[in-house]
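Participant: Take a look at work05.txt, compact mmCIF, C-alpha atoms and all ligand atoms:
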# COMPACT_ATOMS: atom_id res chain seq x y z
CA MET A 29 0.48 -37.82 -4.36
CA THR A 30 -0.77 -36.20 -7.57
CA ARG A 31 1.05 -33.17 -8.77
CA ILE A 32 -0.98 -30.26 -10.20
CA ARG A 33 0.58 -28.31 -13.04
CA THR A 34 -0.06 -24.61 -13.50
CA ASP A 35 1.56 -21.63 -15.17
CA ILE A 36 1.72 -19.50 -12.02
CA LEU A 37 1.32 -20.11 -8.32
CA ILE A 38 0.78 -16.96 -6.27
CA SER A 39 1.63 -17.39 -2.60
CA GLY A 40 -0.44 -14.76 -0.75
CA GLY A 41 -3.94 -13.49 -1.35
CA GLY A 42 -3.62 -10.00 0.14
CA VAL A 43 -4.67 -7.11 -2.06
CA ALA A 44 -1.45 -7.44 -4.10
CA GLY A 45 -1.74 -11.21 -4.59
CA LEU A 46 -5.42 -11.01 -5.54
CA THR A 47 -4.69 -8.29 -8.11
CA ALA A 48 -1.84 -10.36 -9.52
CA ALA A 49 -4.14 -13.38 -9.83
CA ALA A 50 -6.70 -11.32 -11.76
CA GLY A 51 -3.99 -9.69 -13.89
CA PHE A 52 -2.29 -12.91 -14.96
CA ALA A 53 -5.61 -14.72 -15.51
CA SER A 54 -6.81 -11.88 -17.75
CA ALA A 55 -3.55 -12.22 -19.69
CA GLY A 56 -4.45 -15.88 -20.36
CA TYR A 57 -2.31 -17.74 -17.81
CA ASP A 58 -3.55 -20.51 -15.50
CA VAL A 59 -3.19 -19.30 -11.93
CA ILE A 60 -3.46 -20.85 -8.47
CA CYS A 61 -3.52 -18.36 -5.57
CA VAL A 62 -3.25 -19.57 -1.96
CA ASP A 63 -3.61 -17.82 1.38
CA PRO A 64 -4.04 -19.32 4.86
CA ALA A 65 -6.43 -16.53 5.89
CA PRO A 66 -9.88 -16.41 4.27
CA PRO A 67 -10.37 -12.79 3.08
CA VAL A 68 -12.39 -10.62 5.45
CA THR A 69 -14.84 -8.79 3.21
CA SER A 70 -16.89 -6.56 5.53
CA ALA A 71 -15.86 -3.62 7.72
CA GLU A 72 -17.56 -4.95 10.85
CA ALA A 73 -16.10 -8.47 10.80
CA GLU A 74 -13.31 -9.43 13.21
CA GLY A 75 -9.94 -8.99 11.54
CA ALA A 76 -11.21 -6.55 8.87
CA ASP A 77 -8.45 -4.47 7.27
CA LEU A 78 -9.62 -0.95 8.11
CA ARG A 79 -6.88 0.75 6.14
CA SER A 80 -7.68 2.33 2.81
CA THR A 81 -5.66 2.37 -0.36
CA ALA A 82 -5.22 5.42 -2.53
CA PHE A 83 -4.62 4.06 -6.03
CA LEU A 84 -2.48 6.61 -7.83
CA GLN A 85 -2.90 7.32 -11.56
CA PRO A 86 -0.36 4.76 -12.86
CA SER A 87 -2.16 1.94 -10.96
CA ILE A 88 -5.44 2.43 -12.81
CA PRO A 89 -4.36 0.81 -16.14
CA VAL A 90 -3.07 -2.18 -14.13
CA LEU A 91 -6.46 -2.56 -12.43
CA GLN A 92 -8.22 -2.08 -15.77
CA ALA A 93 -6.14 -4.77 -17.46
CA ALA A 94 -6.99 -7.09 -14.55
CA GLY A 95 -10.69 -6.41 -15.17
CA LEU A 96 -11.06 -4.90 -11.69
CA TRP A 97 -11.41 -1.17 -12.15
CA ASP A 98 -15.04 -1.16 -13.35
CA ARG A 99 -16.03 -2.93 -10.12
CA LEU A 100 -13.95 -0.65 -7.90
CA ALA A 101 -14.54 2.79 -9.42
CA PRO A 102 -18.12 3.22 -8.08
CA HIS A 103 -16.81 2.88 -4.51
CA ALA A 104 -13.82 5.23 -4.86
CA ALA A 105 -13.31 8.80 -3.65
CA PRO A 106 -11.14 10.92 -5.98
CA LEU A 107 -8.09 12.72 -4.57
CA GLN A 108 -7.72 16.07 -6.30
CA VAL A 109 -5.52 17.95 -3.84
CA MET A 110 -2.74 16.76 -1.52
CA ARG A 111 -2.57 19.29 1.33
CA ILE A 112 0.55 19.38 3.52
CA ILE A 113 0.18 21.16 6.84
CA ASP A 114 3.04 21.91 9.18
CA ALA A 115 1.76 22.20 12.75
CA GLY A 116 5.18 21.96 14.36
CA GLY A 117 5.13 25.32 16.17
CA ALA A 118 4.77 25.91 19.90
CA VAL A 119 0.99 25.39 19.75
CA GLU A 120 -0.81 22.55 17.93
CA GLU A 121 -2.21 24.55 15.01
CA PRO A 122 -1.43 24.91 11.30
CA ARG A 123 1.41 27.34 10.67
CA ILE A 124 2.05 26.43 7.02
CA VAL A 125 -0.58 25.05 4.62
CA LYS A 126 0.44 24.06 1.07
CA ASP A 127 -1.89 22.61 -1.55
CA PHE A 128 -0.52 20.38 -4.28
CA ASP A 129 -3.31 20.38 -6.90
CA ALA A 130 -3.42 17.57 -9.47
CA SER A 131 -4.66 20.07 -12.07
CA ASP A 132 -1.11 21.55 -12.12
CA ILE A 133 0.19 18.41 -13.82
CA SER A 134 -2.81 16.50 -15.17
CA ASP A 135 -6.48 16.61 -16.15
CA GLN A 136 -7.08 13.68 -13.75
CA PRO A 137 -7.09 13.48 -9.93
CA PHE A 138 -3.89 12.16 -8.27
CA GLY A 139 -5.71 8.97 -7.38
CA TRP A 140 -8.79 7.27 -5.99
CA ASN A 141 -9.23 5.97 -2.43
CA LEU A 142 -11.05 2.78 -1.36
CA PRO A 143 -11.33 0.82 1.91
CA ASN A 144 -9.14 -2.32 1.91
CA TRP A 145 -11.93 -4.65 3.15
CA LEU A 146 -14.03 -3.55 0.17
CA LEU A 147 -11.12 -4.14 -2.23
CA ARG A 148 -10.93 -7.73 -0.98
CA ARG A 149 -14.70 -8.19 -1.39
CA GLU A 150 -14.68 -7.00 -5.00
CA MET A 151 -11.46 -8.79 -5.93
CA VAL A 152 -12.58 -12.15 -4.56
CA ALA A 153 -15.94 -11.77 -6.37
CA HIS A 154 -14.10 -11.02 -9.60
CA LEU A 155 -11.76 -14.01 -9.27
CA ALA A 156 -14.83 -16.27 -8.93
CA THR A 157 -15.82 -15.25 -12.48
CA LEU A 158 -12.45 -16.26 -14.01
CA PRO A 159 -12.28 -19.91 -15.11
CA ASN A 160 -8.47 -19.99 -15.15
CA VAL A 161 -8.00 -18.90 -11.50
CA ASP A 162 -8.07 -21.39 -8.66
CA PHE A 163 -8.22 -19.26 -5.50
CA ARG A 164 -7.71 -21.33 -2.36
CA PRO A 165 -8.37 -19.37 0.83
CA GLY A 166 -7.50 -21.41 3.92
CA THR A 167 -4.49 -23.01 2.20
CA ALA A 168 -0.88 -21.93 2.79
CA THR A 169 2.44 -22.50 1.07
CA ARG A 170 4.24 -25.09 3.21
CA SER A 171 7.51 -25.60 1.34
CA VAL A 172 9.17 -24.67 -1.92
CA LEU A 173 11.68 -26.51 -4.04
CA THR A 174 12.93 -24.94 -7.26
CA ARG A 175 14.89 -26.27 -10.23
CA GLU A 176 15.69 -24.96 -13.66
CA SER A 177 12.39 -26.00 -15.21
CA GLU A 178 9.87 -25.45 -12.40
CA ALA A 179 9.03 -24.49 -8.86
CA VAL A 180 7.42 -27.26 -6.83
CA ILE A 181 5.25 -25.94 -4.03
CA SER A 182 3.80 -28.12 -1.27
CA LEU A 183 0.58 -26.72 0.12
CA THR A 184 -1.04 -27.25 3.52
CA ASP A 185 -4.06 -28.91 1.86
CA GLY A 186 -1.71 -31.77 0.95
CA SER A 187 -1.35 -30.98 -2.75
CA ARG A 188 1.89 -30.39 -4.65
CA VAL A 189 1.91 -27.82 -7.41
CA SER A 190 4.41 -27.55 -10.23
CA ALA A 191 4.50 -23.96 -11.52
CA ARG A 192 6.57 -22.36 -14.25
CA LEU A 193 6.55 -19.16 -12.18
CA LEU A 194 6.11 -18.80 -8.41
CA ILE A 195 5.10 -15.32 -7.26
CA GLY A 196 5.82 -14.53 -3.61
CA ALA A 197 3.15 -12.00 -2.58
CA ASP A 198 2.98 -13.38 0.94
CA GLY A 199 3.77 -10.27 2.92
CA ARG A 200 6.64 -8.77 4.89
CA ASN A 201 7.62 -12.11 6.51
CA SER A 202 7.30 -13.86 3.15
CA PRO A 203 7.65 -17.65 3.52
CA VAL A 204 8.60 -17.80 -0.17
CA ARG A 205 11.42 -15.28 0.32
CA GLU A 206 12.66 -17.31 3.29
CA ALA A 207 12.41 -20.62 1.44
CA LEU A 208 14.54 -19.17 -1.36
CA GLY A 209 17.09 -17.84 1.16
CA ILE A 210 16.73 -14.24 -0.04
CA GLY A 211 17.74 -11.83 2.70
CA ALA A 212 16.04 -8.52 3.50
CA ARG A 213 17.40 -5.28 4.98
CA VAL A 214 15.20 -3.71 7.66
CA MET A 215 15.10 -0.13 8.99
CA ARG A 216 13.15 0.41 12.21
CA TYR A 217 11.63 3.64 13.47
CA GLY A 218 10.09 2.61 16.81
CA GLN A 219 6.82 3.81 15.30
CA LYS A 220 3.31 2.42 14.85
CA ALA A 221 0.34 3.60 12.79
CA LEU A 222 -3.24 3.74 13.98
CA ALA A 223 -5.69 3.23 11.10
CA PHE A 224 -9.38 4.01 11.49
CA THR A 225 -12.33 5.78 9.85
CA VAL A 226 -14.04 9.00 10.91
CA THR A 227 -17.03 11.06 9.88
CA HIS A 228 -16.73 14.85 10.06
CA GLU A 229 -18.65 18.12 9.90
CA VAL A 230 -16.81 19.80 7.05
CA PRO A 231 -16.78 18.08 3.60
CA HIS A 232 -13.29 17.00 2.52
CA ARG A 233 -13.82 18.31 -1.05
CA ASN A 234 -11.53 15.53 -2.34
CA VAL A 235 -8.54 16.96 -0.46
CA SER A 236 -6.16 14.49 1.20
CA THR A 237 -4.34 16.14 4.12
CA GLU A 238 -1.08 15.28 5.89
CA ILE A 239 -0.48 17.13 9.15
CA HIS A 240 3.09 17.13 10.49
CA ARG A 241 4.02 17.93 14.07
CA SER A 242 6.10 15.18 15.71
CA GLY A 243 6.02 11.40 15.97
CA GLY A 244 4.99 11.04 12.30
CA PRO A 245 2.25 12.31 9.97
CA PHE A 246 -1.47 12.40 10.72
CA THR A 247 -3.11 11.75 7.35
CA LEU A 248 -6.78 12.15 6.40
CA VAL A 249 -7.75 10.54 3.11
CA PRO A 250 -11.21 11.14 1.56
CA LEU A 251 -13.77 8.33 1.47
CA PRO A 252 -17.22 8.41 -0.12
CA ASP A 253 -19.89 9.76 2.30
CA ARG A 254 -21.13 7.39 5.03
CA ASP A 255 -24.86 7.53 5.77
CA GLY A 256 -24.95 11.01 4.27
CA GLN A 257 -21.99 12.26 6.30
CA PRO A 258 -18.55 13.21 4.98
CA ALA A 259 -16.04 10.48 5.84
CA SER A 260 -12.27 9.99 5.76
CA ALA A 261 -9.76 7.26 6.48
CA ILE A 262 -7.08 8.29 8.98
CA VAL A 263 -3.56 6.99 9.40
CA TRP A 264 -1.97 8.41 12.56
CA MET A 265 1.69 7.59 13.04
CA GLU A 266 3.27 7.94 16.44
CA THR A 267 6.06 6.45 18.53
CA GLY A 268 5.12 2.87 19.40
CA ALA A 269 4.31 3.52 23.07
CA GLU A 270 2.20 6.58 22.29
CA ALA A 271 0.28 4.77 19.53
CA GLN A 272 -0.48 1.91 21.92
CA ARG A 273 -1.62 4.37 24.58
CA LEU A 274 -3.91 6.09 22.07
CA GLN A 275 -5.37 2.80 20.91
CA ALA A 276 -6.21 1.80 24.48
CA LEU A 277 -7.93 5.11 25.37
CA PRO A 278 -11.70 5.06 25.91
CA ALA A 279 -13.46 6.39 22.79
CA PRO A 280 -14.30 9.89 24.16
CA ALA A 281 -10.69 10.50 25.27
CA PHE A 282 -9.40 9.19 21.94
CA GLU A 283 -11.81 11.44 20.03
CA ALA A 284 -10.54 14.44 22.02
CA ALA A 285 -6.93 13.52 21.20
CA MET A 286 -7.59 13.01 17.46
CA ASN A 287 -9.53 16.28 17.25
CA ALA A 288 -6.59 18.12 18.82
CA ARG A 289 -4.15 16.42 16.42
CA SER A 290 -6.33 17.20 13.34
CA CYS A 291 -6.21 20.91 14.27
CA GLY A 292 -9.94 21.08 13.49
CA ILE A 293 -9.35 21.22 9.74
CA LEU A 294 -12.50 19.19 8.96
CA GLY A 295 -14.50 20.40 11.95
CA LEU A 296 -15.44 17.88 14.62
CA LEU A 297 -14.22 14.34 13.83
CA ARG A 298 -16.22 11.35 15.10
CA LEU A 299 -14.79 7.84 15.31
CA ALA A 300 -16.68 5.54 12.91
CA SER A 301 -14.70 2.29 13.21
CA ARG A 302 -12.40 0.28 15.47
CA ARG A 303 -8.79 1.44 15.78
CA THR A 304 -6.22 -0.94 14.26
CA LEU A 305 -2.50 -0.77 14.93
CA TRP A 306 0.24 -1.38 12.34
CA PRO A 307 4.00 -1.63 13.01
CA ILE A 308 6.05 0.70 10.81
CA ILE A 309 9.33 -0.38 9.20
CA SER A 310 11.14 -0.05 5.92
CA GLN A 311 12.39 -3.27 4.40
CA ILE A 312 13.85 -4.29 1.07
CA ALA A 313 14.62 -7.78 -0.20
CA GLU A 314 18.21 -8.25 -1.41
CA ARG A 315 16.84 -9.46 -4.73
CA MET A 316 13.41 -9.37 -6.38
CA THR A 317 13.88 -12.89 -7.74
CA GLY A 318 15.15 -16.43 -7.18
CA GLU A 319 15.08 -19.50 -9.39
CA ARG A 320 11.61 -19.66 -11.05
CA THR A 321 10.45 -17.10 -8.49
CA ALA A 322 9.52 -13.40 -8.41
CA LEU A 323 8.87 -11.45 -5.22
CA MET A 324 6.36 -8.62 -5.27
CA ALA A 325 4.61 -6.20 -2.90
CA GLU A 326 5.53 -6.43 0.80
CA ALA A 327 7.45 -9.66 0.23
CA ALA A 328 9.89 -7.43 -1.67
CA HIS A 329 9.44 -3.98 -0.11
CA VAL A 330 7.81 -2.38 2.93
CA MET A 331 7.77 1.31 3.78
CA PRO A 332 5.95 3.76 6.05
CA PRO A 333 2.50 4.76 4.74
CA ILE A 334 3.44 8.19 3.40
CA GLY A 335 2.41 9.43 -0.04
CA ALA A 336 0.34 6.28 -0.71
CA GLN A 337 3.36 4.46 -2.11
CA GLY A 338 3.17 0.86 -0.78
CA LEU A 339 0.50 -0.85 -2.79
CA ASN A 340 1.05 1.42 -5.78
CA MET A 341 4.63 0.15 -5.93
CA SER A 342 3.24 -3.37 -5.70
CA LEU A 343 1.09 -2.73 -8.75
CA ALA A 344 4.15 -1.33 -10.51
CA ASP A 345 5.84 -4.70 -9.75
CA LEU A 346 2.84 -6.46 -11.26
CA ALA A 347 2.86 -4.20 -14.35
CA ALA A 348 6.55 -5.05 -14.91
CA LEU A 349 5.94 -8.79 -14.50
CA LEU A 350 3.00 -8.72 -16.91
CA ASP A 351 5.00 -6.73 -19.42
CA LEU A 352 7.94 -9.15 -19.31
CA ALA A 353 5.91 -12.39 -19.28
CA ARG A 354 5.65 -14.40 -22.51
CA PRO A 355 3.88 -17.77 -22.60
CA GLU A 356 6.93 -19.52 -24.02
CA THR A 357 9.53 -18.04 -21.60
CA LEU A 358 7.49 -17.58 -18.42
CA GLY A 359 9.68 -17.82 -15.31
CA GLU A 360 12.94 -18.29 -17.26
CA PRO A 361 16.15 -16.61 -16.04
CA ALA A 362 16.11 -13.80 -18.65
CA MET A 363 12.58 -12.74 -17.69
CA LEU A 364 13.39 -12.78 -13.98
CA GLU A 365 16.69 -10.94 -14.40
CA ALA A 366 14.92 -8.23 -16.43
CA TYR A 367 12.30 -7.91 -13.68
CA HIS A 368 14.95 -7.55 -10.98
CA ARG A 369 16.80 -4.91 -12.98
CA ARG A 370 13.65 -2.95 -13.80
CA ARG A 371 12.33 -2.82 -10.23
CA HIS A 372 15.08 -3.13 -7.63
CA LEU A 373 16.82 0.25 -8.03
CA GLU A 374 13.50 2.04 -8.38
CA VAL A 375 12.21 0.37 -5.19
CA GLN A 376 15.42 1.28 -3.33
CA ALA A 377 15.16 4.93 -4.40
CA ARG A 378 11.54 5.17 -3.32
CA ILE A 379 12.21 3.58 0.05
CA MET A 380 15.05 6.04 0.70
CA GLY A 381 12.78 8.97 -0.22
CA ILE A 382 9.95 7.81 2.05
CA ASP A 383 12.45 7.04 4.82
CA ALA A 384 13.70 10.66 4.68
CA LEU A 385 10.15 12.08 4.70
CA ASN A 386 9.22 9.90 7.65
CA ARG A 387 12.26 10.90 9.67
CA ALA A 388 11.53 14.58 8.95
CA SER A 389 7.94 14.12 10.11
CA MET A 390 9.05 12.41 13.35
CA LEU A 391 11.24 15.33 14.45
CA GLY A 392 10.51 16.49 17.99
CA ASP A 393 13.14 19.20 18.47
CA PRO A 394 11.63 22.68 17.71
CA VAL A 395 14.77 23.80 15.82
CA TRP A 396 14.55 20.87 13.42
CA ARG A 397 10.80 21.31 13.08
CA ASP A 398 11.38 24.96 12.07
CA LEU A 399 13.91 23.81 9.48
CA ARG A 400 11.38 21.31 8.13
CA ALA A 401 8.82 24.11 7.76
CA THR A 402 11.37 26.30 5.95
CA MET A 403 12.17 23.47 3.52
CA LEU A 404 8.48 22.91 2.78
CA ASN A 405 8.03 26.61 2.03
CA ALA A 406 11.09 26.69 -0.20
CA MET A 407 10.17 23.60 -2.21
CA TYR A 408 6.59 24.71 -2.67
CA SER A 409 7.38 28.24 -3.82
CA LEU A 410 9.42 27.03 -6.82
CA ALA A 411 6.78 25.90 -9.33
CA PRO A 412 9.10 23.55 -11.35
CA VAL A 413 10.25 21.87 -8.12
CA ARG A 414 6.65 21.58 -6.93
CA LYS A 415 5.53 19.97 -10.19
CA THR A 416 8.53 17.62 -10.28
CA LEU A 417 7.74 16.50 -6.72
CA MET A 418 4.10 15.84 -7.64
CA LYS A 419 5.10 13.79 -10.68
CA ALA A 420 7.71 11.87 -8.69
CA GLY A 421 5.12 11.10 -6.00
CA LEU A 422 2.86 9.62 -8.66
CA GLY A 423 5.69 7.66 -10.21
CA LEU A 424 5.43 9.62 -13.48
CA ARG A 425 8.48 10.84 -15.37
C1 LIG B 501 -1.53 2.01 7.95
C2 LIG B 501 -1.17 1.72 6.51
C3 LIG B 501 -1.77 2.45 5.48
C4 LIG B 501 -1.44 2.19 4.13
N1 LIG B 501 -2.00 2.98 3.13
C5 LIG B 501 -1.62 2.78 1.85
C6 LIG B 501 -2.15 3.58 0.75
O1 LIG B 501 -2.97 4.48 0.93
N2 LIG B 501 -1.73 3.31 -0.53
C7 LIG B 501 -0.83 2.32 -0.78
O2 LIG B 501 -0.46 2.13 -1.96
N3 LIG B 501 -0.34 1.53 0.20
C8 LIG B 501 -0.71 1.75 1.50
N4 LIG B 501 -0.20 0.96 2.50
C9 LIG B 501 0.64 -0.16 2.14
C10 LIG B 501 -0.26 -1.32 1.72
O3 LIG B 501 -1.32 -1.51 2.61
C11 LIG B 501 0.55 -2.56 1.62
O4 LIG B 501 1.55 -2.34 0.67
C12 LIG B 501 -0.29 -3.71 1.18
O5 LIG B 501 -1.40 -3.93 1.98
C13 LIG B 501 0.56 -4.93 1.25
O6 LIG B 501 -0.08 -5.87 0.51
P1 LIG B 501 0.53 -7.32 0.39
O7 LIG B 501 -0.52 -8.05 -0.38
O8 LIG B 501 1.93 -7.30 -0.08
O9 LIG B 501 0.67 -7.86 1.90
P2 LIG B 501 -0.41 -8.45 2.88
O10 LIG B 501 -1.68 -7.69 2.84
O11 LIG B 501 0.30 -8.60 4.19
O12 LIG B 501 -0.72 -9.87 2.25
C14 LIG B 501 0.14 -10.96 2.39
C15 LIG B 501 -0.71 -12.20 2.43
O13 LIG B 501 0.14 -13.34 2.45
C16 LIG B 501 -0.49 -14.31 3.21
N5 LIG B 501 0.44 -15.35 3.65
C17 LIG B 501 1.21 -15.39 4.77
N6 LIG B 501 1.83 -16.58 4.85
C18 LIG B 501 1.48 -17.29 3.76
C19 LIG B 501 1.79 -18.61 3.29
N7 LIG B 501 2.60 -19.44 3.96
N8 LIG B 501 1.23 -19.01 2.14
C20 LIG B 501 0.39 -18.23 1.43
N9 LIG B 501 0.05 -16.97 1.84
C21 LIG B 501 0.60 -16.53 2.99
C22 LIG B 501 -1.12 -13.54 4.38
O14 LIG B 501 -2.18 -14.27 4.98
C23 LIG B 501 -1.60 -12.29 3.67
O15 LIG B 501 -2.96 -12.36 3.28
C24 LIG B 501 -0.50 1.21 3.84
C25 LIG B 501 0.11 0.45 4.87
C26 LIG B 501 -0.21 0.73 6.20
C27 LIG B 501 0.48 -0.05 7.31
Translate this structure into structure tokens?

Facilitator:
Amino acid sequence: MTRIRTDILISGGGVAGLTAAAGFASAGYDVICVDPAPPVTSAEAEGADLRSTAFLQPSIPVLQAAGLWDRLAPHAAPLQVMRIIDAGGAVEEPRIVKDFDASDISDQPFGWNLPNWLLRREMVAHLATLPNVDFRPGTATRSVLTRESEAVISLTDGSRVSARLLIGADGRNSPVREALGIGARVMRYGQKALAFTVTHEVPHRNVSTEIHRSGGPFTLVPLPDRDGQPASAIVWMETGAEAQRLQALPAPAFEAAMNARSCGILGLLRLASRRTLWPIISQIAERMTGERTALMAEAAHVMPPIGAQGLNMSLADLAALLDLARPETLGEPAMLEAYHRRRHLEVQARIMGIDALNRASMLGDPVWRDLRATMLNAMYSLAPVRKTLMKAGLGLR
């Protein structure tokens, strides 16, 4: 069997793996990227990823360096204000509303939001223009063998690839992480997230809103208008059983439930997509690296979708890898050790922060919900604390 040589093999062509392929190809490396699932690139198609991704400020230079941002920017909705609403009182209505405005800390919005299916469409189209990327949808990583000088990856299309660096971007059950014997610590919440799109009466005015009551946050993130109507992506976190019940409701009953949960803040919401269900966990790999291998994105870290952290942390992984990569020392122990040191503690800290926010949002007991509201008031009223929180959320120092 012939062996193909490449600089980098990326296992996983999700949004993180595709961005990594574009990033490393733009930096001059030869890249092969494999994924068993062909990317679904329209909203209507079966299996479309109906989540959206809010790219926060620090992710934009990474997308620019990968040559992707010019393609993505025309489809993005800016996020100028993050509004936190506590609706944890006796009746389901806002009792505390706090606006975190990006203009307090920056002359730019916090971030820009795009549908995930559209990200895949644009990323795959961009990869097709890069001569040094070999993107193989429909092909999976079958086995991995590493030694000091290379990683040898057997693929399901029968080929064997010798790479100086193997990047595991193959999701929360990462086959690469398993092949390398790297453990992962999991925290479970008994929660699921419903992700779907709505149109609404009242324009969102580039405000992203998180409403907290119990079970987890209900988050509305601005999208560009749909057929002339204001539109938002919603992530609705609930206990697993309740989320499943909501998903199975007939559309009119579901619309009534989501309108009650949104407290009417954008007027009447209308369902504009299917409802997809996502299990919620936190997970962190014991190490970000193995011999000739780097883990990134959900292969290395998973967390509840709060504060738009997940994929933004994945792009921070990619930024670190690109920064540390040199053609002559690619995939060598010093590079990988530096990557582990730069990312692992930061990832751990962020997961612990999001874990605490999620647990606070899940609270059902009225006493604890009142305490949560008091804390929100206190943190917001101190301007330095408020600004520090905003910067921390963006990943800025
Ligand atoms: C409801 C929800 C909303 C979210 N919203 C945001 C947000 O606004 N902002 C944000 O930053 N993050 C958000 N996230 C997190 C973000 O979506 C994830 O971090 C991101 O999608 C994970 O990307 P990934 O590429 O690591 O994983 P995946 O998308 O799971 O990709 C992994 C890929 O690996 C492939 N694979 C599996 N096995 C193999 C194999 N053997 N060989 C090769 N490939 C393989 C899979 O087919 C898959 O395509 C959200 C998450 C959820 C659940």

Participant: Would you work out the distance separating atom CA of Arg79 of chain A from atom CA of Asn386 of chain A, expressed in Å to one decimal?

Facilitator: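 The value is 18.6 Å.
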
Participant: Name the residues, by chain letter and number, that sit within 7 Å of ligand LIG 501 (chain B) using only C-alpha atoms and all ligand atoms, and give them as a VMD selection string.

Facilitator: chain A and resid 39 to 45 62 to 65 79 to 83 167 to 170 197 to 200 202 to 203 221 to 223 263 306 to 308 324 to 327 330 332 to 333 336 to 342

Participant: Just the number, please: distance in Å from atom CA of Leu142 of chain A to atom CA of Arg99 of chain A, one decimal.

Facilitator: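 According to the coordinates, atom CA of Leu142 of chain A and atom CA of Arg99 of chain A are separated by 11.6 Å.
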
Participant: Please measure the separation of atom CA of Ala48 of chain A and atom CA of Leu343 of chain A, giving the value in Å to one decimal.

Facilitator: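 Between atom CA of Ala48 of chain A and atom CA of Leu343 of chain A the gap is 8.2 Å.
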
Participant: Rank A:Ala76, A:Ala411, A:Leu373, A:Ile312 by their smallest atom-to-atom distance to Asn144 of chain A, using only C-alpha atoms, and report the top residue only.

Facilitator: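 Going through A:Ala76, A:Ala411, A:Leu373, A:Ile312 one by one, the smallest distance to Asn144 of chain A is for A:Ala76.
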
Participant: For Ile36 of chain A, which of A:Ala269, A:Ala362, A:Ala179, A:Leu173 is the closest residue, counting all atoms listed in the file?

Facilitator: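 Of the candidates, the smallest distance to Ile36 of chain A is held by A:Ala179.
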
Participant: Of the candidates A:Val375, A:Val109, A:Ile133, A:Leu183, which shows the shortest atom-to-atom distance to Thr416 of chain A, using all atoms listed in the file?

Facilitator: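 Checking each of A:Val375, A:Val109, A:Ile133, A:Leu183 against Thr416 of chain A, counting all atoms listed in the file, the winner is A:Ile133.
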
Participant: Between A:Gly335, A:His329, A:Gly95, A:Glu374, which one has atoms that come closest to Leu417 of chain A, using all atoms listed in the file?

Facilitator: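 Using all atoms listed in the file, the shortest distance to Leu417 of chain A belongs to A:Gly335.
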
Participant: Give me the residues near segment 113-123 of chain A as a list in words, where near means some atom within 7 Å (using all atoms listed in the file) and where sequence neighbours in that chain fewer than 2 positions away do not count.

Facilitator: Arg111, Val125, Lys126, Glu238, Ile239, His240, Arg241, Ser242, Cys291, Arg397 and Ala401 of chain A

Participant: Tell me which of A:Lys415, A:Arg192, A:Arg370, A:Arg298 sits closest to Pro280 of chain A, counting all atoms listed in the file.

Facilitator: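 Of A:Lys415, A:Arg192, A:Arg370, A:Arg298, the one nearest Pro280 of chain A is A:Arg298, counting all atoms listed in the file.
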
Participant: I'd like the neighbourhood of Leu385 of chain A as JSON, numbers by chain, where a residue qualifies if any of its atoms comes within 12 Å (using all atoms listed in the file), though same-chain residues fewer than 5 positions away should be ignored.

Facilitator: {"A": [238, 240, 244, 245, 331, 332, 333, 334, 335, 378, 379, 380, 390, 391, 400, 403, 404, 421]}
